[in-house]
>>> print(open('entry.cif').read())   # mmCIF, C-alpha atoms and all ligand atoms
data_run
loop_
_atom_site.label_atom_id
_atom_site.label_comp_id
_atom_site.auth_asym_id
_atom_site.auth_seq_id
_atom_site.Cartn_x
_atom_site.Cartn_y
_atom_site.Cartn_z
CA MET A 22 95.40 136.04 95.45
CA ASN A 23 95.41 132.38 94.42
CA LEU A 24 92.34 130.18 94.81
CA GLU A 25 93.71 128.23 97.78
CA GLN A 26 94.35 131.41 99.77
CA GLU A 27 91.00 132.88 98.75
CA ILE A 28 89.23 129.76 100.09
CA LYS A 29 91.29 129.66 103.29
CA ASN A 30 90.17 133.23 103.99
CA VAL A 31 86.54 132.10 103.81
CA ILE A 32 86.63 128.73 105.63
CA ARG A 33 85.57 129.18 109.25
CA ASP A 34 87.39 127.30 112.01
CA VAL A 35 84.96 126.21 114.74
CA PRO A 36 86.86 124.94 117.80
CA ASN A 37 85.53 122.01 119.83
CA PHE A 38 82.86 120.95 117.31
CA PRO A 39 81.40 118.30 117.24
CA LYS A 40 83.49 117.42 120.28
CA GLU A 41 86.28 118.76 122.49
CA GLY A 42 89.65 119.09 120.77
CA ILE A 43 88.41 119.04 117.11
CA ILE A 44 88.80 122.18 115.02
CA PHE A 45 85.92 121.87 112.59
CA LYS A 46 86.52 123.32 109.11
CA ASP A 47 83.17 124.93 108.31
CA ILE A 48 82.89 125.25 104.54
CA THR A 49 79.38 126.72 104.50
CA PRO A 50 80.63 130.34 104.11
CA ILE A 51 82.05 129.26 100.71
CA LEU A 52 78.52 128.48 99.56
CA GLN A 53 77.67 132.16 100.04
CA GLN A 54 80.11 133.03 97.25
CA PRO A 55 78.99 131.70 93.86
CA HIS A 56 82.22 132.74 92.09
CA LEU A 57 84.26 130.64 94.55
CA CYS A 58 81.92 127.67 94.07
CA GLU A 59 82.43 127.96 90.32
CA LYS A 60 86.23 128.08 90.62
CA ILE A 61 86.27 125.09 92.99
CA THR A 62 84.06 123.08 90.63
CA GLU A 63 86.32 123.93 87.68
CA ALA A 64 89.54 123.10 89.56
CA ILE A 65 88.28 119.66 90.64
CA ALA A 66 86.84 118.90 87.20
CA GLU A 67 90.07 119.97 85.49
CA ASN A 68 92.08 117.54 87.62
CA ALA A 69 89.65 114.68 86.95
CA LYS A 70 89.48 115.21 83.17
CA ALA A 71 92.51 113.08 82.28
CA HIS A 72 90.95 110.02 83.93
CA LYS A 73 87.85 110.10 81.74
CA ILE A 74 85.74 109.04 84.72
CA ASP A 75 82.34 107.41 84.31
CA ALA A 76 80.85 108.76 87.56
CA VAL A 77 81.44 110.91 90.64
CA LEU A 78 80.77 109.28 94.02
CA GLY A 79 79.95 111.87 96.69
CA ILE A 80 80.08 111.09 100.40
CA GLU A 81 77.23 112.29 102.67
CA SER A 82 76.56 115.01 103.19
CA ARG A 83 79.01 117.77 102.34
CA GLY A 84 80.49 115.60 99.59
CA PHE A 85 77.20 116.11 97.74
CA LEU A 86 77.75 119.84 97.36
CA PHE A 87 80.67 119.94 94.94
CA GLY A 88 80.40 116.27 93.94
CA MET A 89 77.20 117.13 92.13
CA THR A 90 78.45 120.33 90.51
CA VAL A 91 81.60 118.58 89.26
CA ALA A 92 79.57 115.64 87.91
CA ARG A 93 77.34 118.10 86.07
CA LEU A 94 80.30 119.96 84.58
CA LEU A 95 81.93 116.69 83.43
CA ASN A 96 78.54 115.46 82.23
CA VAL A 97 78.76 112.17 84.15
CA PRO A 98 76.39 110.57 86.70
CA PHE A 99 76.54 111.44 90.39
CA ILE A 100 76.24 108.61 92.94
CA PRO A 101 75.39 109.44 96.56
CA ILE A 102 77.05 107.43 99.34
CA ARG A 103 74.95 107.67 102.49
CA LYS A 104 75.04 106.69 106.13
CA ALA A 105 73.25 103.44 107.02
CA GLY A 106 69.49 103.32 106.62
CA LYS A 107 69.04 106.45 104.48
CA LEU A 108 68.92 105.00 100.96
CA PRO A 109 65.49 103.58 100.11
CA TYR A 110 66.33 100.86 97.57
CA THR A 111 68.57 97.74 97.83
CA THR A 112 72.02 98.69 99.07
CA ILE A 113 75.53 97.37 99.48
CA ARG A 114 77.25 98.41 102.70
CA GLU A 115 80.67 98.85 104.23
CA GLU A 116 81.47 99.13 107.92
CA TYR A 117 84.53 101.08 109.05
CA ASP A 118 86.17 102.09 112.31
CA LEU A 119 85.86 105.50 113.87
CA GLU A 120 87.90 106.87 116.75
CA TYR A 121 85.25 105.43 119.06
CA GLY A 122 83.09 102.64 117.63
CA SER A 123 82.22 102.14 114.00
CA ALA A 124 80.06 103.51 111.18
CA VAL A 125 78.39 102.13 108.06
CA ILE A 126 78.06 103.72 104.63
CA GLU A 127 75.84 102.47 101.84
CA MET A 128 75.36 102.78 98.09
CA HIS A 129 72.43 101.66 95.94
CA SER A 130 73.25 98.23 94.52
CA ASP A 131 72.45 99.31 90.95
CA ALA A 132 74.18 102.71 91.07
CA LEU A 133 77.49 101.66 89.53
CA THR A 134 78.00 99.84 86.22
CA LYS A 135 80.59 97.03 86.39
CA GLY A 136 83.99 98.25 85.22
CA ALA A 137 83.08 101.93 85.76
CA LYS A 138 85.94 104.32 86.62
CA VAL A 139 84.92 106.70 89.38
CA MET A 140 86.15 109.70 91.30
CA ILE A 141 85.49 109.62 95.05
CA HIS A 142 84.71 113.06 96.40
CA ASP A 143 84.24 114.49 99.88
CA ASP A 144 84.50 117.96 101.38
CA LEU A 145 87.40 117.06 103.66
CA LEU A 146 90.09 114.39 104.02
CA ALA A 147 91.10 113.75 107.63
CA THR A 148 92.30 110.21 108.56
CA GLY A 149 91.01 108.76 105.27
CA GLY A 150 88.81 106.12 106.95
CA THR A 151 85.62 107.29 105.24
CA ALA A 152 87.22 107.47 101.79
CA VAL A 153 88.75 103.98 102.18
CA ALA A 154 85.29 102.59 103.05
CA ALA A 155 83.94 104.27 99.89
CA CYS A 156 86.74 102.60 97.86
CA LYS A 157 85.70 99.22 99.24
CA LEU A 158 82.10 99.89 98.18
CA VAL A 159 83.30 100.74 94.66
CA GLU A 160 85.29 97.50 94.47
CA LYS A 161 82.36 95.45 95.82
CA ALA A 162 80.21 96.89 93.04
CA GLY A 163 82.82 95.94 90.41
CA GLY A 164 84.03 99.49 89.75
CA LYS A 165 87.48 101.05 89.84
CA VAL A 166 88.68 104.13 91.75
CA ALA A 167 90.35 106.42 89.20
CA CYS A 168 91.04 109.40 91.48
CA PHE A 169 90.02 111.27 94.63
CA SER A 170 89.08 114.87 95.18
CA PHE A 171 88.57 116.89 98.34
CA LEU A 172 87.90 120.52 98.92
CA VAL A 173 90.15 120.43 102.00
CA SER A 174 92.89 118.04 103.08
CA LEU A 175 94.32 117.95 106.61
CA ASN A 176 97.72 116.64 105.48
CA PHE A 177 99.11 116.35 109.01
CA LEU A 178 96.69 113.43 109.61
CA ASP A 179 98.26 111.54 106.69
CA GLY A 180 94.98 110.28 105.22
CA LYS A 181 96.59 110.28 101.77
CA SER A 182 98.84 107.33 102.65
CA ARG A 183 95.73 105.18 103.24
CA LEU A 184 94.27 106.06 99.85
CA GLN A 185 97.33 105.56 97.67
CA SER A 186 96.80 101.85 97.08
CA TYR A 187 93.50 102.72 95.35
CA SER A 188 94.76 105.70 93.31
CA ASP A 189 97.68 108.06 93.76
CA ASP A 190 95.78 110.95 92.20
CA ILE A 191 94.52 112.55 95.42
CA PHE A 192 93.59 116.13 94.62
CA SER A 193 92.64 118.75 97.20
CA VAL A 194 91.95 122.39 96.45
CA VAL A 195 93.06 123.49 99.93
CA ASN A 196 95.80 121.93 102.07
CA TYR A 197 96.54 122.39 105.75
P1 LIG B 1 88.09 110.82 107.88
O1 LIG B 1 87.30 109.57 107.63
O2 LIG B 1 88.85 110.80 109.17
O3 LIG B 1 88.98 111.17 106.69
O4 LIG B 1 87.04 111.99 108.07
C1 LIG B 1 86.46 112.56 106.98
C2 LIG B 1 85.01 112.90 107.21
O5 LIG B 1 84.79 113.54 108.48
C3 LIG B 1 84.54 113.87 106.14
O6 LIG B 1 83.25 113.50 105.72
C4 LIG B 1 84.56 115.23 106.82
O7 LIG B 1 83.47 115.99 106.42
C5 LIG B 1 84.51 114.93 108.33
N1 LIG B 1 85.57 115.66 109.10
C6 LIG B 1 86.59 115.09 109.77
N2 LIG B 1 87.34 116.00 110.41
C7 LIG B 1 86.80 117.20 110.11
C8 LIG B 1 87.14 118.56 110.44
N3 LIG B 1 88.18 118.88 111.22
N4 LIG B 1 86.36 119.55 109.93
C9 LIG B 1 85.30 119.24 109.14
N5 LIG B 1 84.93 118.00 108.81
C10 LIG B 1 85.65 116.98 109.28
#
>>> encode(input="entry.cif", output="structure tokens", more="lines below")
Ligand code: AMP
Amino acid sequence: MNLEQEIKNVIRDVPNFPKEGIIFKDITPILQQPHLCEKITEAIAENAKAHKIDAVLGIESRGFLFGMTVARLLNVPFIPIRKAGKLPYTTIREEYDLEYGSAVIEMHSDALTKGAKVMIHDDLLATGGTAVAACKLVEKAGGKVACFSFLVSLNFLDGKSRLQSYSDDIFSVVNY
């Protein structure tokens, strides 16, 4: 069985979470299987290698899980992107639209070196709004988006088309 199928067999679909009509892709059962976590880390790191990235940016909170393991494997820094008000030091922020209302993500103002090439990582790509906001944070800080990685991509929502102007290397281990 290939890795994608192996992961699909483990991801748990939770209907109507966090609200009616959403099928939530619960990746926590993957974390119960260390060999799968290792393969996922290796697959994402392998794709990123060619870019010689300077850092991995992980988006709260499930983007921290594999973002950190990939950063460790590539021996580069990991930078957490968090929801508003969670980071203790000086931050830069980016507001973005949600289906209803808006949200804010933040990064520590000294986290990224000017000119740094980064990979943006999250557990799942849906509409791409969150990842685009992360790209804007990278640009504000003087960095460059080299590539993206996701554990899961919901391709029918076409998030990739919103990310392409930042980098066309948009890797996902599992595609729906
Ligand atoms: P988006 O900004 O629309 O690409 O949404 C991506 C963010 O929302 C990621 O941080 C995901 O963890 C979360 N998300 C969106 N839809 C789902 C879903 N169906 N299952 C699990 N997480 C989701």
>>> residues_around(input="entry.cif", residues="Glu63 (chain A)", least_positions_apart="3", cutoff="8 Å", atoms="all atoms listed in the file", output="list in words")
Glu59, Lys60, Ala66, Glu67, Val91 and Leu94 of chain A
>>> residues_around(input="entry.cif", residues="Tyr117 (chain A)", least_positions_apart="3", cutoff="8 Å", atoms="all atoms listed in the file", output="list in words")
Ser123, Ala124, Val125, Gly150, Thr151 and Ala154 of chain A
>>> write_last_selection(input="entry.cif", atoms="C-alpha atoms", output="tab-separated table (two decimals), in the coordinates of the input")
chain	number	residue	atom	x	y	z
A	123	SER	CA	82.22	102.14	114.00
A	124	ALA	CA	80.06	103.51	111.18
A	125	VAL	CA	78.39	102.13	108.06
A	150	GLY	CA	88.81	106.12	106.95
A	151	THR	CA	85.62	107.29	105.24
A	154	ALA	CA	85.29	102.59	103.05
>>> closest_atom_pairs(input="entry.cif", of="chain A", to="ligand LIG 1 (chain B)", cutoff="8 Å", atoms="all atoms listed in the file", output="Markdown table")
| residue | atom | partner | partner_atom | distance |
| --- | --- | --- | --- | --- |
| A:Ile43 | CA | B:LIG1 | N3 | 5.9 |
| A:Ile44 | CA | B:LIG1 | N3 | 5.1 |
| A:Phe45 | CA | B:LIG1 | N4 | 3.6 |
| A:Lys46 | CA | B:LIG1 | N4 | 3.9 |
| A:Asp47 | CA | B:LIG1 | C9 | 6.1 |
| A:Ile48 | CA | B:LIG1 | C9 | 7.9 |
| A:Ile80 | CA | B:LIG1 | O6 | 6.6 |
| A:Glu81 | CA | B:LIG1 | O6 | 6.9 |
| A:Ser82 | CA | B:LIG1 | O6 | 7.3 |
| A:Arg83 | CA | B:LIG1 | O7 | 6.3 |
| A:Gly84 | CA | B:LIG1 | O6 | 7.0 |
| A:Leu119 | CA | B:LIG1 | O1 | 7.6 |
| A:Asp143 | CA | B:LIG1 | O6 | 6.0 |
| A:Asp144 | CA | B:LIG1 | O7 | 5.5 |
| A:Leu145 | CA | B:LIG1 | C4 | 4.6 |
| A:Leu146 | CA | B:LIG1 | O3 | 4.3 |
| A:Ala147 | CA | B:LIG1 | O3 | 3.5 |
| A:Thr148 | CA | B:LIG1 | O2 | 3.6 |
| A:Gly149 | CA | B:LIG1 | O3 | 3.5 |
| A:Gly150 | CA | B:LIG1 | O1 | 3.8 |
| A:Thr151 | CA | B:LIG1 | O1 | 3.7 |
| A:Ala152 | CA | B:LIG1 | O1 | 6.2 |
| A:Val153 | CA | B:LIG1 | O1 | 7.9 |
| A:Leu175 | CA | B:LIG1 | N3 | 7.7 |
| A:Gly180 | CA | B:LIG1 | O3 | 6.2 |
>>> closest_residue(input="entry.cif", among="A:Ala69, A:Cys168, A:Leu184, A:Met128", to="Leu95 (chain A)", atoms="only C-alpha atoms")
A:Ala69
>>> residues_around(input="entry.cif", residues="Leu57 (chain A)", least_positions_apart="2", cutoff="12 Å", atoms="only C-alpha atoms", output="VMD selection string")
chain A and resid 23 to 32 48 to 55 59 to 64 87 172 194
>>> write_last_selection(input="entry.cif", atoms="C-alpha atoms", output="PDB file, keeping the file's coordinate frame")
ATOM      1  CA  ASN A  23      95.410 132.380  94.420  1.00  0.00           C
ATOM      2  CA  LEU A  24      92.340 130.180  94.810  1.00  0.00           C
ATOM      3  CA  GLU A  25      93.710 128.230  97.780  1.00  0.00           C
ATOM      4  CA  GLN A  26      94.350 131.410  99.770  1.00  0.00           C
ATOM      5  CA  GLU A  27      91.000 132.880  98.750  1.00  0.00           C
ATOM      6  CA  ILE A  28      89.230 129.760 100.090  1.00  0.00           C
ATOM      7  CA  LYS A  29      91.290 129.660 103.290  1.00  0.00           C
ATOM      8  CA  ASN A  30      90.170 133.230 103.990  1.00  0.00           C
ATOM      9  CA  VAL A  31      86.540 132.100 103.810  1.00  0.00           C
ATOM     10  CA  ILE A  32      86.630 128.730 105.630  1.00  0.00           C
ATOM     11  CA  ILE A  48      82.890 125.250 104.540  1.00  0.00           C
ATOM     12  CA  THR A  49      79.380 126.720 104.500  1.00  0.00           C
ATOM     13  CA  PRO A  50      80.630 130.340 104.110  1.00  0.00           C
ATOM     14  CA  ILE A  51      82.050 129.260 100.710  1.00  0.00           C
ATOM     15  CA  LEU A  52      78.520 128.480  99.560  1.00  0.00           C
ATOM     16  CA  GLN A  53      77.670 132.160 100.040  1.00  0.00           C
ATOM     17  CA  GLN A  54      80.110 133.030  97.250  1.00  0.00           C
ATOM     18  CA  PRO A  55      78.990 131.700  93.860  1.00  0.00           C
ATOM     19  CA  GLU A  59      82.430 127.960  90.320  1.00  0.00           C
ATOM     20  CA  LYS A  60      86.230 128.080  90.620  1.00  0.00           C
ATOM     21  CA  ILE A  61      86.270 125.090  92.990  1.00  0.00           C
ATOM     22  CA  THR A  62      84.060 123.080  90.630  1.00  0.00           C
ATOM     23  CA  GLU A  63      86.320 123.930  87.680  1.00  0.00           C
ATOM     24  CA  ALA A  64      89.540 123.100  89.560  1.00  0.00           C
ATOM     25  CA  PHE A  87      80.670 119.940  94.940  1.00  0.00           C
ATOM     26  CA  LEU A 172      87.900 120.520  98.920  1.00  0.00           C
ATOM     27  CA  VAL A 194      91.950 122.390  96.450  1.00  0.00           C
TER      28      VAL A 194
END
>>> atom_distance(input="entry.cif", atom1="CA of Val159 (chain A)", atom2="CA of Glu120 (chain A)")
23.4 Å
>>> atom_distance(input="entry.cif", atom1="CA of Met89 (chain A)", atom2="CA of Asp75 (chain A)")
13.5 Å
>>> atom_distance(input="entry.cif", atom1="CA of Asp190 (chain A)", atom2="CA of Ala167 (chain A)")
7.7 Å
>>> closest_residue(input="entry.cif", among="A:His56, A:Phe99, A:Ile141, A:Glu116", to="His129 (chain A)", atoms="all atoms listed in the file")
A:Phe99
>>> closest_residue(input="entry.cif", among="A:Ala132, A:Ala92, A:Val97, A:Val77", to="Thr111 (chain A)", atoms="all atoms listed in the file")
A:Ala132
>>> closest_residue(input="entry.cif", among="A:Val35, A:Ile126, A:Met140, A:Ile100", to="Lys70 (chain A)", atoms="all atoms listed in the file")
A:Met140
>>> axis_aligned_box(input="entry.cif", around="region 174-186 of chain A", padding_each_side="3 Å", output="AutoDock Vina command-line options")
--center_x 96.0 --center_y 109.9 --center_z 103.3 --size_x 12.2 --size_y 22.2 --size_z 18.5
